[in-house]
Amino acid sequence: MIEIIIHGLGGQGAVTAAQILAIAAFHDGKYSQAFPMFGVERRGTPVQAFVRISDKKINLRSQIYEPDYNIVLEAKLLENIKKGKIIVNTKEKIENAYCYSAPDFTNTVMLGVFVKATKLISKESLLKAIEERFEAKPEVIEKNKKILEQVWK
Amino acid sequence: MKKIEECSKAIAEAVKLAKPGVIAAYPITPQTHIVEALADFVGNKELDSEYINVESEHSAMSACVGAQATGVRTFTATCSQGLSLMNEILFIASGLRLPIVMAVANRALSAPISIWNDQSDSIAARDSGWIQLYAEDSQEAFDTMIQAYKIAEKCSLPVMVCVDGFTLSHVYEPVNVLTQQEVDKFLPKYNPKIKLDPKNPVTFGSIADPSCYMEFKKEQHEAMLDSIKVIKQINEDFKKQFKRSYGDGLIETYNIEAKKIFVAMGSVCGTIRELIDKNKEYGLIKIKSFRPFPFNELKEVVKDKELIVIDKDISFGAGGALAIELKNISTNVKSVIAGLGGRDITIDKLKKAAEKGGWLL
């Protein structure tokens, strides 16, 4: 089982990103689970969202404490991370972390970076998941897809 | 069809498939996503239902009582303070023997304010005469919603389906959603024998003096006891039609050959299963039906077992509500109070609980 924490600030879309990742893994034929770290979510405060991906049904419901991966949408949240590989949105070069600058559509772009780097999920399933998650907002889908393509350039 | 969606959405889809004539609800975290999804279904005409925006949960349940009495299916959802505010009408719904179905996204009670999960809210409604069914995962939540209507209408009793707030209500995970055709085959049209009808006037719940009130209450209690049979039968029917079931419908066991057996309700059972997969010295009894309480079904199973009873609730001055029940049928009960106000329950904590019991802080 792979465990992932998405770290963000309220409003950056960490919870949505976790949902998209779980949907994408599902489309790859895997079992997946996504849930928010139930903070009093409001703009600007730290938010964590959890994702589990497995070949078997996932029963575990506790939060994730020792993730395999951290997808970090805001670099100043790095100080909270103690375990797991790190993929971070930053212009800086940070040691022991995969760095990528994603000022716009940060959550989906960082998912793209994660998918490209780890190959844990197919690109096709990621795109399909974005379409599915933003079904109610079709104008967002195209913008997300367009900006995601730059990750693979 | 297998898909992935939020548990709240899956619950809303199950309700849609049951085609309630009236939905009355007031939003409260973490229940809101359920009624939001239903409002969308009604708004975009996927569901032909009267959606009543009420000013409180007291009114939500009152509207359901009135509507159900005219002979339509109803639905509402709430939790925590909302369920407490409904409390007065919960007793009226059950006393009038109205098969209302409600989803509860379990949340802690104030004060102090907590929006996070525990089961104190539904446990506090224990004696309201409602059947209480607890779901472990999204699939069980979906399936139990469908079954709940059938159970309620067969027994003329209201049913609340409880899912852990956030911990389950907000989880995205795969769920097999049934088709309308499949549900129509399983769940017959609602056709109550007695209803409010101007052409054939009747009175519901008129005053009962000391010469007859007690008979009403005895009947209510007996209906609750009889519902055990019905819940089992409907679990069997469901299994026959959809190839899925949850133990006998009341309790479900896992690695019951073990000596140390966790007894728990709701989503924490998943985490306990994960522990058992790593360590076979433990087993699990999942209580799916807290009311009616399956004493007879449990008696055989708990014999010679060391029970570790996990309560996500506290009856102040007495202890965990589930442990209190188990003590009726076992002298080997270790009571554990855990997960109040959203305190995370991990595998390590469960192991600690198995050793010493008490408060899992």
# chains A, B, ... in the order shown; residues from 1 in each chain; ligands from 1

$ closest_atom_pairs --of "chain B" --to "chain A" --cutoff "10 Å" --atoms "only C-alpha atoms" --output "JSON lines"
{"residue": "B:Lys2", "atom": "CA", "partner": "A:Phe26", "partner_atom": "CA", "distance": 9.9}
{"residue": "B:Lys3", "atom": "CA", "partner": "A:Phe26", "partner_atom": "CA", "distance": 8.1}
{"residue": "B:Ile4", "atom": "CA", "partner": "A:Ile23", "partner_atom": "CA", "distance": 6.2}
{"residue": "B:Glu5", "atom": "CA", "partner": "A:Ile23", "partner_atom": "CA", "distance": 7.9}
{"residue": "B:Glu6", "atom": "CA", "partner": "A:Gln19", "partner_atom": "CA", "distance": 8.7}
{"residue": "B:Pro30", "atom": "CA", "partner": "A:Phe38", "partner_atom": "CA", "distance": 9.9}
{"residue": "B:Ser114", "atom": "CA", "partner": "A:Val40", "partner_atom": "CA", "distance": 9.8}
{"residue": "B:Ile115", "atom": "CA", "partner": "A:Val40", "partner_atom": "CA", "distance": 8.2}
{"residue": "B:Trp116", "atom": "CA", "partner": "A:Phe38", "partner_atom": "CA", "distance": 7.2}
{"residue": "B:Asn117", "atom": "CA", "partner": "A:Phe38", "partner_atom": "CA", "distance": 9.5}
{"residue": "B:Glu136", "atom": "CA", "partner": "A:Asn59", "partner_atom": "CA", "distance": 9.1}
{"residue": "B:Asp137", "atom": "CA", "partner": "A:Asn59", "partner_atom": "CA", "distance": 8.3}
{"residue": "B:Gly165", "atom": "CA", "partner": "A:Phe38", "partner_atom": "CA", "distance": 9.9}
{"residue": "B:Phe166", "atom": "CA", "partner": "A:Phe38", "partner_atom": "CA", "distance": 7.0}
{"residue": "B:Thr167", "atom": "CA", "partner": "A:Arg61", "partner_atom": "CA", "distance": 7.0}
{"residue": "B:Leu168", "atom": "CA", "partner": "A:Arg61", "partner_atom": "CA", "distance": 8.2}
{"residue": "B:Ser169", "atom": "CA", "partner": "A:Phe35", "partner_atom": "CA", "distance": 9.2}
{"residue": "B:His170", "atom": "CA", "partner": "A:Phe35", "partner_atom": "CA", "distance": 6.1}
{"residue": "B:Val171", "atom": "CA", "partner": "A:Phe35", "partner_atom": "CA", "distance": 4.8}
{"residue": "B:Tyr172", "atom": "CA", "partner": "A:Ala34", "partner_atom": "CA", "distance": 5.0}
{"residue": "B:Glu173", "atom": "CA", "partner": "A:Gln33", "partner_atom": "CA", "distance": 4.8}
{"residue": "B:Pro174", "atom": "CA", "partner": "A:Tyr31", "partner_atom": "CA", "distance": 7.0}
{"residue": "B:Ser267", "atom": "CA", "partner": "A:Arg61", "partner_atom": "CA", "distance": 6.9}
{"residue": "B:Val268", "atom": "CA", "partner": "A:Arg61", "partner_atom": "CA", "distance": 6.7}
{"residue": "B:Cys269", "atom": "CA", "partner": "A:Asn59", "partner_atom": "CA", "distance": 8.2}
{"residue": "B:Gly270", "atom": "CA", "partner": "A:Asn59", "partner_atom": "CA", "distance": 4.4}
{"residue": "B:Thr271", "atom": "CA", "partner": "A:Leu60", "partner_atom": "CA", "distance": 4.3}
{"residue": "B:Ile272", "atom": "CA", "partner": "A:Leu60", "partner_atom": "CA", "distance": 7.8}
{"residue": "B:Arg273", "atom": "CA", "partner": "A:Asn59", "partner_atom": "CA", "distance": 6.7}
{"residue": "B:Glu274", "atom": "CA", "partner": "A:Leu60", "partner_atom": "CA", "distance": 5.9}
{"residue": "B:Leu275", "atom": "CA", "partner": "A:Leu60", "partner_atom": "CA", "distance": 8.6}
{"residue": "B:Gly342", "atom": "CA", "partner": "A:Phe38", "partner_atom": "CA", "distance": 8.5}
{"residue": "B:Arg343", "atom": "CA", "partner": "A:Ser62", "partner_atom": "CA", "distance": 9.8}
{"residue": "B:Asp344", "atom": "CA", "partner": "A:Ser62", "partner_atom": "CA", "distance": 6.1}
{"residue": "B:Ile345", "atom": "CA", "partner": "A:Ser62", "partner_atom": "CA", "distance": 5.9}
{"residue": "B:Thr346", "atom": "CA", "partner": "A:Ser62", "partner_atom": "CA", "distance": 5.4}
{"residue": "B:Ile347", "atom": "CA", "partner": "A:Ser62", "partner_atom": "CA", "distance": 7.9}

$ residues_around --residues "stretch 189-206 of chain B" --least-positions-apart "2" --cutoff "12 Å" --atoms "only C-alpha atoms" --output "PyMOL selection string"
chain B and resi 17-21+65-74+91-100+149-156+183-187+208-209+212-213+216

$ closest_residue --among "B:Gly358, B:Gly341, B:Pro188, B:Gly317" --to "B:Ser80" --atoms "only C-alpha atoms"
B:Gly341

$ closest_residue --among "B:Glu55, B:Glu297, B:Asp143, B:Asp127" --to "B:Cys7" --atoms "only C-alpha atoms"
B:Asp143

$ residues_around --residues "A:Tyr98" --least-positions-apart "5" --cutoff "12 Å" --atoms "only C-alpha atoms" --output "JSON list (two decimals) with all heavy atoms, in the first residue's frame"
[["chain", "number", "residue", "atom", "x", "y", "z"],
["A", 69, "TYR", "N", 5.08, 9.29, 0.33],
["A", 69, "TYR", "CA", 5.31, 10.54, -0.41],
["A", 69, "TYR", "C", 4.58, 11.70, 0.26],
["A", 69, "TYR", "O", 3.48, 11.53, 0.80],
["A", 69, "TYR", "CB", 4.77, 10.42, -1.84],
["A", 69, "TYR", "CG", 5.45, 9.36, -2.65],
["A", 69, "TYR", "CD1", 4.89, 8.08, -2.76],
["A", 69, "TYR", "CD2", 6.65, 9.62, -3.32],
["A", 69, "TYR", "CE1", 5.52, 7.08, -3.50],
["A", 69, "TYR", "CE2", 7.29, 8.63, -4.05],
["A", 69, "TYR", "CZ", 6.72, 7.37, -4.15],
["A", 69, "TYR", "OH", 7.34, 6.39, -4.87],
["A", 70, "ASN", "N", 5.20, 12.88, 0.15],
["A", 70, "ASN", "CA", 4.55, 14.13, 0.52],
["A", 70, "ASN", "C", 4.48, 15.01, -0.72],
["A", 70, "ASN", "O", 5.51, 15.24, -1.36],
["A", 70, "ASN", "CB", 5.37, 14.87, 1.57],
["A", 70, "ASN", "CG", 5.48, 14.10, 2.87],
["A", 70, "ASN", "OD1", 4.60, 14.14, 3.71],
["A", 70, "ASN", "ND2", 6.59, 13.37, 3.02],
["A", 71, "ILE", "N", 3.30, 15.46, -1.06],
["A", 71, "ILE", "CA", 3.17, 16.44, -2.13],
["A", 71, "ILE", "C", 2.91, 17.77, -1.43],
["A", 71, "ILE", "O", 1.89, 17.93, -0.75],
["A", 71, "ILE", "CB", 2.03, 16.08, -3.09],
["A", 71, "ILE", "CG1", 2.29, 14.70, -3.72],
["A", 71, "ILE", "CG2", 1.88, 17.15, -4.18],
["A", 71, "ILE", "CD1", 1.14, 14.15, -4.55],
["A", 72, "VAL", "N", 3.84, 18.70, -1.57],
["A", 72, "VAL", "CA", 3.81, 19.91, -0.76],
["A", 72, "VAL", "C", 3.50, 21.11, -1.65],
["A", 72, "VAL", "O", 4.27, 21.45, -2.54],
["A", 72, "VAL", "CB", 5.16, 20.11, -0.03],
["A", 72, "VAL", "CG1", 5.06, 21.25, 0.97],
["A", 72, "VAL", "CG2", 5.57, 18.82, 0.68],
["A", 75, "ALA", "N", 5.96, 25.73, 0.23],
["A", 75, "ALA", "CA", 7.27, 25.32, 0.76],
["A", 75, "ALA", "C", 7.42, 25.55, 2.26],
["A", 75, "ALA", "O", 8.13, 24.82, 2.94],
["A", 75, "ALA", "CB", 8.38, 26.04, 0.01],
["A", 84, "GLY", "N", 9.13, 10.34, 4.62],
["A", 84, "GLY", "CA", 8.68, 10.17, 3.25],
["A", 84, "GLY", "C", 9.37, 11.07, 2.24],
["A", 84, "GLY", "O", 9.98, 12.08, 2.60],
["A", 85, "LYS", "N", 9.28, 10.65, 0.98],
["A", 85, "LYS", "CA", 9.85, 11.45, -0.12],
["A", 85, "LYS", "C", 9.04, 12.73, -0.29],
["A", 85, "LYS", "O", 7.85, 12.76, 0.04],
["A", 85, "LYS", "CB", 9.84, 10.63, -1.40],
["A", 85, "LYS", "CG", 10.77, 9.44, -1.32],
["A", 85, "LYS", "CD", 10.85, 8.72, -2.66],
["A", 85, "LYS", "CE", 11.82, 7.56, -2.56],
["A", 85, "LYS", "NZ", 11.20, 6.29, -2.96],
["A", 86, "ILE", "N", 9.70, 13.74, -0.81],
["A", 86, "ILE", "CA", 9.06, 15.06, -0.89],
["A", 86, "ILE", "C", 9.05, 15.59, -2.33],
["A", 86, "ILE", "O", 10.07, 15.57, -3.01],
["A", 86, "ILE", "CB", 9.78, 16.06, 0.04],
["A", 86, "ILE", "CG1", 9.62, 15.62, 1.50],
["A", 86, "ILE", "CG2", 9.25, 17.48, -0.17],
["A", 86, "ILE", "CD1", 10.50, 16.39, 2.47],
["A", 87, "ILE", "N", 7.88, 16.04, -2.74],
["A", 87, "ILE", "CA", 7.75, 16.77, -4.01],
["A", 87, "ILE", "C", 7.16, 18.11, -3.64],
["A", 87, "ILE", "O", 6.07, 18.17, -3.06],
["A", 87, "ILE", "CB", 6.83, 15.98, -4.97],
["A", 87, "ILE", "CG1", 7.54, 14.69, -5.39],
["A", 87, "ILE", "CG2", 6.47, 16.83, -6.17],
["A", 87, "ILE", "CD1", 6.69, 13.76, -6.20],
["A", 88, "VAL", "N", 7.89, 19.19, -3.92],
["A", 88, "VAL", "CA", 7.47, 20.48, -3.37],
["A", 88, "VAL", "C", 7.36, 21.55, -4.45],
["A", 88, "VAL", "O", 8.16, 21.59, -5.40],
["A", 88, "VAL", "CB", 8.43, 20.92, -2.22],
["A", 88, "VAL", "CG1", 9.87, 20.98, -2.68],
["A", 88, "VAL", "CG2", 7.99, 22.25, -1.61],
["A", 89, "ASN", "N", 6.39, 22.42, -4.26],
["A", 89, "ASN", "CA", 6.20, 23.58, -5.14],
["A", 89, "ASN", "C", 7.09, 24.71, -4.63],
["A", 89, "ASN", "O", 6.80, 25.33, -3.61],
["A", 89, "ASN", "CB", 4.73, 24.00, -5.10],
["A", 89, "ASN", "CG", 4.51, 25.39, -5.65],
["A", 89, "ASN", "OD1", 5.20, 25.83, -6.58],
["A", 89, "ASN", "ND2", 3.54, 26.10, -5.07],
["A", 90, "THR", "N", 8.20, 24.95, -5.34],
["A", 90, "THR", "CA", 9.10, 26.04, -4.93],
["A", 90, "THR", "C", 10.01, 26.45, -6.09],
["A", 90, "THR", "O", 10.30, 25.64, -6.97],
["A", 90, "THR", "CB", 9.96, 25.64, -3.72],
["A", 90, "THR", "OG1", 10.82, 26.71, -3.40],
["A", 90, "THR", "CG2", 10.78, 24.39, -3.97],
["A", 91, "LYS", "N", 10.44, 27.70, -6.07],
["A", 91, "LYS", "CA", 11.40, 28.16, -7.07],
["A", 91, "LYS", "C", 12.82, 27.83, -6.62],
["A", 91, "LYS", "O", 13.75, 27.80, -7.39],
["A", 91, "LYS", "CB", 11.25, 29.68, -7.24],
["A", 91, "LYS", "CG", 10.15, 30.04, -8.23],
["A", 91, "LYS", "CD", 10.19, 31.52, -8.56],
["A", 91, "LYS", "CE", 8.96, 32.17, -7.96],
["A", 91, "LYS", "NZ", 8.85, 33.58, -8.04],
["A", 92, "GLU", "N", 12.98, 27.62, -5.30],
["A", 92, "GLU", "CA", 14.31, 27.35, -4.72],
["A", 92, "GLU", "C", 14.76, 25.92, -5.06],
["A", 92, "GLU", "O", 13.96, 25.09, -5.47],
["A", 92, "GLU", "CB", 14.26, 27.47, -3.19],
["A", 92, "GLU", "CG", 13.46, 28.61, -2.66],
["A", 92, "GLU", "CD", 14.20, 29.92, -2.78],
["A", 92, "GLU", "OE1", 15.39, 29.94, -2.42],
["A", 92, "GLU", "OE2", 13.60, 30.89, -3.25],
["A", 93, "LYS", "N", 16.05, 25.67, -4.79],
["A", 93, "LYS", "CA", 16.55, 24.29, -4.84],
["A", 93, "LYS", "C", 16.63, 23.80, -3.40],
["A", 93, "LYS", "O", 17.31, 24.39, -2.58],
["A", 93, "LYS", "CB", 17.95, 24.27, -5.49],
["A", 93, "LYS", "CG", 17.90, 24.00, -6.98],
["A", 93, "LYS", "CD", 18.86, 22.87, -7.32],
["A", 93, "LYS", "CE", 18.45, 21.80, -8.29],
["A", 93, "LYS", "NZ", 17.21, 21.25, -8.40],
["A", 110, "MET", "N", 1.04, 20.06, -9.44],
["A", 110, "MET", "CA", 1.89, 19.23, -8.58],
["A", 110, "MET", "C", 1.50, 17.76, -8.65],
["A", 110, "MET", "O", 2.34, 16.88, -8.51],
["A", 110, "MET", "CB", 1.86, 19.73, -7.13],
["A", 110, "MET", "CG", 2.54, 21.08, -6.92],
["A", 110, "MET", "SD", 4.23, 21.19, -7.58],
["A", 110, "MET", "CE", 5.14, 20.18, -6.41],
["A", 113, "VAL", "N", 3.30, 16.60, -11.65],
["A", 113, "VAL", "CA", 4.73, 16.42, -11.33],
["A", 113, "VAL", "C", 4.92, 15.09, -10.60],
["A", 113, "VAL", "O", 5.83, 14.30, -10.90],
["A", 113, "VAL", "CB", 5.24, 17.60, -10.47],
["A", 113, "VAL", "CG1", 6.67, 17.36, -10.01],
["A", 113, "VAL", "CG2", 5.16, 18.91, -11.26],
["A", 114, "PHE", "N", 4.03, 14.83, -9.66],
["A", 114, "PHE", "CA", 4.08, 13.57, -8.88],
["A", 114, "PHE", "C", 3.92, 12.35, -9.80],
["A", 114, "PHE", "O", 4.69, 11.40, -9.74],
["A", 114, "PHE", "CB", 2.99, 13.59, -7.81],
["A", 114, "PHE", "CG", 2.81, 12.28, -7.09],
["A", 114, "PHE", "CD1", 3.68, 11.89, -6.09],
["A", 114, "PHE", "CD2", 1.75, 11.43, -7.42],
["A", 114, "PHE", "CE1", 3.52, 10.68, -5.43],
["A", 114, "PHE", "CE2", 1.59, 10.22, -6.77],
["A", 114, "PHE", "CZ", 2.47, 9.84, -5.77],
["A", 116, "LYS", "N", 4.34, 12.16, -13.05],
["A", 116, "LYS", "CA", 5.46, 12.04, -14.00],
["A", 116, "LYS", "C", 6.69, 11.45, -13.30],
["A", 116, "LYS", "O", 7.38, 10.59, -13.84],
["A", 116, "LYS", "CB", 5.79, 13.41, -14.58],
["A", 116, "LYS", "CG", 6.75, 13.33, -15.75],
["A", 116, "LYS", "CD", 7.16, 14.70, -16.23],
["A", 116, "LYS", "CE", 8.29, 14.57, -17.23],
["A", 116, "LYS", "NZ", 9.04, 15.83, -17.36],
["A", 117, "ALA", "N", 6.95, 11.90, -12.08],
["A", 117, "ALA", "CA", 8.16, 11.48, -11.37],
["A", 117, "ALA", "C", 8.04, 10.04, -10.85],
["A", 117, "ALA", "O", 9.02, 9.29, -10.90],
["A", 117, "ALA", "CB", 8.43, 12.43, -10.21],
["A", 118, "THR", "N", 6.88, 9.66, -10.36],
["A", 118, "THR", "CA", 6.75, 8.36, -9.70],
["A", 118, "THR", "C", 6.20, 7.27, -10.62],
["A", 118, "THR", "O", 6.41, 6.09, -10.36],
["A", 118, "THR", "CB", 5.81, 8.44, -8.49],
["A", 118, "THR", "OG1", 4.51, 8.78, -8.95],
["A", 118, "THR", "CG2", 6.30, 9.47, -7.47]]

$ select_by_dssp --residues "stretch 154-336 of chain B" --states "alpha helix (DSSP H)" --output "JSON, numbers by chain"
{"B": [154, 155, 180, 181, 182, 183, 184, 185, 186, 213, 214, 215, 216, 217, 218, 219, 220, 221, 222, 223, 224, 225, 226, 227, 228, 229, 230, 231, 232, 233, 234, 235, 236, 237, 238, 239, 240, 241, 242, 268, 269, 270, 271, 272, 273, 274, 275, 276, 277, 278, 295, 296, 297, 298, 299, 300, 301, 302, 321, 322, 323, 324, 325, 326]}

$ residues_around --residues "A:Val47" --least-positions-apart "3" --cutoff "8 Å" --atoms "only C-alpha atoms" --output "number ranges by chain"
A: 7-10, 14-15, 36-37, 39, 41

$ residues_around --residues "B:Ile314" --least-positions-apart "5" --cutoff "12 Å" --atoms "only C-alpha atoms" --output "PDB file with N, CA, C and O atoms, in the first residue's frame"
ATOM      1  N   ALA B 108     -19.309  14.765  17.306  1.00  0.00           N
ATOM      2  CA  ALA B 108     -19.309  15.015  18.748  1.00  0.00           C
ATOM      3  C   ALA B 108     -20.307  16.106  19.114  1.00  0.00           C
ATOM      4  O   ALA B 108     -20.712  16.910  18.276  1.00  0.00           O
ATOM      5  N   LEU B 109     -20.686  16.115  20.382  1.00  0.00           N
ATOM      6  CA  LEU B 109     -21.628  17.114  20.891  1.00  0.00           C
ATOM      7  C   LEU B 109     -20.892  18.229  21.637  1.00  0.00           C
ATOM      8  O   LEU B 109     -19.879  18.001  22.295  1.00  0.00           O
ATOM      9  N   ASP B 118     -17.406  11.602  16.650  1.00  0.00           N
ATOM     10  CA  ASP B 118     -17.549  10.473  17.558  1.00  0.00           C
ATOM     11  C   ASP B 118     -19.023  10.058  17.473  1.00  0.00           C
ATOM     12  O   ASP B 118     -19.754  10.585  16.629  1.00  0.00           O
ATOM     13  N   GLN B 119     -19.437   9.107  18.285  1.00  0.00           N
ATOM     14  CA  GLN B 119     -20.806   8.597  18.125  1.00  0.00           C
ATOM     15  C   GLN B 119     -21.726   9.007  19.275  1.00  0.00           C
ATOM     16  O   GLN B 119     -22.797   8.424  19.460  1.00  0.00           O
ATOM     17  N   SER B 120     -21.302  10.020  20.029  1.00  0.00           N
ATOM     18  CA  SER B 120     -22.117  10.459  21.173  1.00  0.00           C
ATOM     19  C   SER B 120     -23.499  10.926  20.753  1.00  0.00           C
ATOM     20  O   SER B 120     -24.459  10.816  21.525  1.00  0.00           O
ATOM     21  N   ASP B 121     -23.594  11.475  19.532  1.00  0.00           N
ATOM     22  CA  ASP B 121     -24.886  12.046  19.109  1.00  0.00           C
ATOM     23  C   ASP B 121     -25.953  10.974  18.920  1.00  0.00           C
ATOM     24  O   ASP B 121     -27.040  11.064  19.492  1.00  0.00           O
ATOM     25  N   SER B 122     -25.629   9.938  18.148  1.00  0.00           N
ATOM     26  CA  SER B 122     -26.653   8.904  17.937  1.00  0.00           C
ATOM     27  C   SER B 122     -26.847   8.056  19.191  1.00  0.00           C
ATOM     28  O   SER B 122     -27.965   7.601  19.471  1.00  0.00           O
ATOM     29  N   ILE B 123     -25.756   7.871  19.957  1.00  0.00           N
ATOM     30  CA  ILE B 123     -25.891   7.099  21.199  1.00  0.00           C
ATOM     31  C   ILE B 123     -26.844   7.822  22.160  1.00  0.00           C
ATOM     32  O   ILE B 123     -27.632   7.192  22.870  1.00  0.00           O
ATOM     33  N   ALA B 124     -26.789   9.159  22.158  1.00  0.00           N
ATOM     34  CA  ALA B 124     -27.692   9.925  23.029  1.00  0.00           C
ATOM     35  C   ALA B 124     -29.153   9.750  22.595  1.00  0.00           C
ATOM     36  O   ALA B 124     -30.069   9.988  23.385  1.00  0.00           O
ATOM     37  N   GLY B 319     -20.186   4.932  31.732  1.00  0.00           N
ATOM     38  CA  GLY B 319     -19.146   4.377  30.871  1.00  0.00           C
ATOM     39  C   GLY B 319     -19.553   4.359  29.418  1.00  0.00           C
ATOM     40  O   GLY B 319     -20.474   5.074  29.015  1.00  0.00           O
ATOM     41  N   GLY B 320     -18.862   3.538  28.635  1.00  0.00           N
ATOM     42  CA  GLY B 320     -19.166   3.426  27.206  1.00  0.00           C
ATOM     43  C   GLY B 320     -20.478   2.686  26.989  1.00  0.00           C
ATOM     44  O   GLY B 320     -20.727   1.668  27.619  1.00  0.00           O
ATOM     45  N   ALA B 321     -21.300   3.188  26.097  1.00  0.00           N
ATOM     46  CA  ALA B 321     -22.638   2.624  25.909  1.00  0.00           C
ATOM     47  C   ALA B 321     -22.605   1.185  25.402  1.00  0.00           C
ATOM     48  O   ALA B 321     -23.415   0.348  25.806  1.00  0.00           O
ATOM     49  N   LEU B 322     -21.648   0.908  24.520  1.00  0.00           N
ATOM     50  CA  LEU B 322     -21.552  -0.448  23.967  1.00  0.00           C
ATOM     51  C   LEU B 322     -21.071  -1.420  25.051  1.00  0.00           C
ATOM     52  O   LEU B 322     -21.589  -2.533  25.177  1.00  0.00           O
ATOM     53  N   ALA B 323     -20.098  -0.974  25.845  1.00  0.00           N
ATOM     54  CA  ALA B 323     -19.576  -1.817  26.924  1.00  0.00           C
ATOM     55  C   ALA B 323     -20.685  -2.156  27.922  1.00  0.00           C
ATOM     56  O   ALA B 323     -20.763  -3.285  28.417  1.00  0.00           O
ATOM     57  N   ILE B 324     -21.539  -1.182  28.205  1.00  0.00           N
ATOM     58  CA  ILE B 324     -22.638  -1.421  29.152  1.00  0.00           C
ATOM     59  C   ILE B 324     -23.522  -2.567  28.654  1.00  0.00           C
ATOM     60  O   ILE B 324     -23.914  -3.441  29.424  1.00  0.00           O
ATOM     61  N   SER B 335     -13.434  -2.234  28.835  1.00  0.00           N
ATOM     62  CA  SER B 335     -14.070  -1.090  28.172  1.00  0.00           C
ATOM     63  C   SER B 335     -13.027  -0.048  27.778  1.00  0.00           C
ATOM     64  O   SER B 335     -12.165   0.319  28.572  1.00  0.00           O
ATOM     65  N   VAL B 336     -13.131   0.421  26.537  1.00  0.00           N
ATOM     66  CA  VAL B 336     -12.198   1.425  26.025  1.00  0.00           C
ATOM     67  C   VAL B 336     -12.995   2.614  25.483  1.00  0.00           C
ATOM     68  O   VAL B 336     -13.909   2.429  24.686  1.00  0.00           O
ATOM     69  N   ILE B 337     -12.659   3.795  25.958  1.00  0.00           N
ATOM     70  CA  ILE B 337     -13.259   5.010  25.412  1.00  0.00           C
ATOM     71  C   ILE B 337     -12.244   5.614  24.451  1.00  0.00           C
ATOM     72  O   ILE B 337     -11.111   5.912  24.854  1.00  0.00           O
ATOM     73  N   ALA B 338     -12.633   5.769  23.193  1.00  0.00           N
ATOM     74  CA  ALA B 338     -11.661   6.197  22.175  1.00  0.00           C
ATOM     75  C   ALA B 338     -12.307   7.134  21.169  1.00  0.00           C
ATOM     76  O   ALA B 338     -13.521   7.128  20.987  1.00  0.00           O
ATOM     77  N   GLY B 339     -11.459   7.925  20.523  1.00  0.00           N
ATOM     78  CA  GLY B 339     -11.901   8.688  19.359  1.00  0.00           C
ATOM     79  C   GLY B 339     -12.906   9.790  19.635  1.00  0.00           C
ATOM     80  O   GLY B 339     -13.582  10.244  18.711  1.00  0.00           O
ATOM     81  N   LEU B 340     -13.016  10.237  20.890  1.00  0.00           N
ATOM     82  CA  LEU B 340     -13.979  11.318  21.153  1.00  0.00           C
ATOM     83  C   LEU B 340     -13.510  12.597  20.462  1.00  0.00           C
ATOM     84  O   LEU B 340     -12.329  12.926  20.465  1.00  0.00           O
ATOM     85  N   GLY B 341     -14.461  13.312  19.883  1.00  0.00           N
ATOM     86  CA  GLY B 341     -14.153  14.593  19.248  1.00  0.00           C
ATOM     87  C   GLY B 341     -13.119  14.494  18.149  1.00  0.00           C
ATOM     88  O   GLY B 341     -12.368  15.433  17.914  1.00  0.00           O
ATOM     89  N   GLY B 358      -9.558   1.378  29.268  1.00  0.00           N
ATOM     90  CA  GLY B 358      -9.627   2.756  29.771  1.00  0.00           C
ATOM     91  C   GLY B 358      -9.743   3.792  28.662  1.00  0.00           C
ATOM     92  O   GLY B 358     -10.178   3.485  27.560  1.00  0.00           O
ATOM     93  N   TRP B 359      -9.301   4.998  28.978  1.00  0.00           N
ATOM     94  CA  TRP B 359      -9.410   6.112  28.027  1.00  0.00           C
ATOM     95  C   TRP B 359      -8.206   6.137  27.108  1.00  0.00           C
ATOM     96  O   TRP B 359      -7.080   6.272  27.579  1.00  0.00           O
TER      97      TRP B 359
END

$ closest_residue --among "A:Leu73, A:Leu78, A:Ile2, A:Val109" --to "A:Ile94" --atoms "only C-alpha atoms"
A:Leu78

$ residues_around --residues "B:Arg291" --least-positions-apart "6" --cutoff "8 Å" --atoms "only C-alpha atoms" --output "compact mmCIF listing (two decimals) with N, CA and C atoms, in the first residue's frame"
# COMPACT_ATOMS: atom_id res chain seq x y z
N ARG B 126 -30.33 6.90 21.74
CA ARG B 126 -30.48 5.45 21.87
C ARG B 126 -31.90 5.02 22.20
N TRP B 130 -35.79 4.43 17.65
CA TRP B 130 -35.33 4.29 16.27
C TRP B 130 -34.40 3.08 16.16
N ILE B 131 -34.54 2.35 15.08
CA ILE B 131 -33.53 1.35 14.75
C ILE B 131 -32.26 2.11 14.41
N GLN B 132 -31.12 1.64 14.95
CA GLN B 132 -29.84 2.31 14.65
C GLN B 132 -28.90 1.33 14.00
N LEU B 133 -28.51 1.63 12.75
CA LEU B 133 -27.57 0.79 12.02
C LEU B 133 -26.30 1.59 11.73
N MET B 224 -39.68 -3.53 17.98
CA MET B 224 -38.22 -3.40 17.94
C MET B 224 -37.58 -4.78 18.05
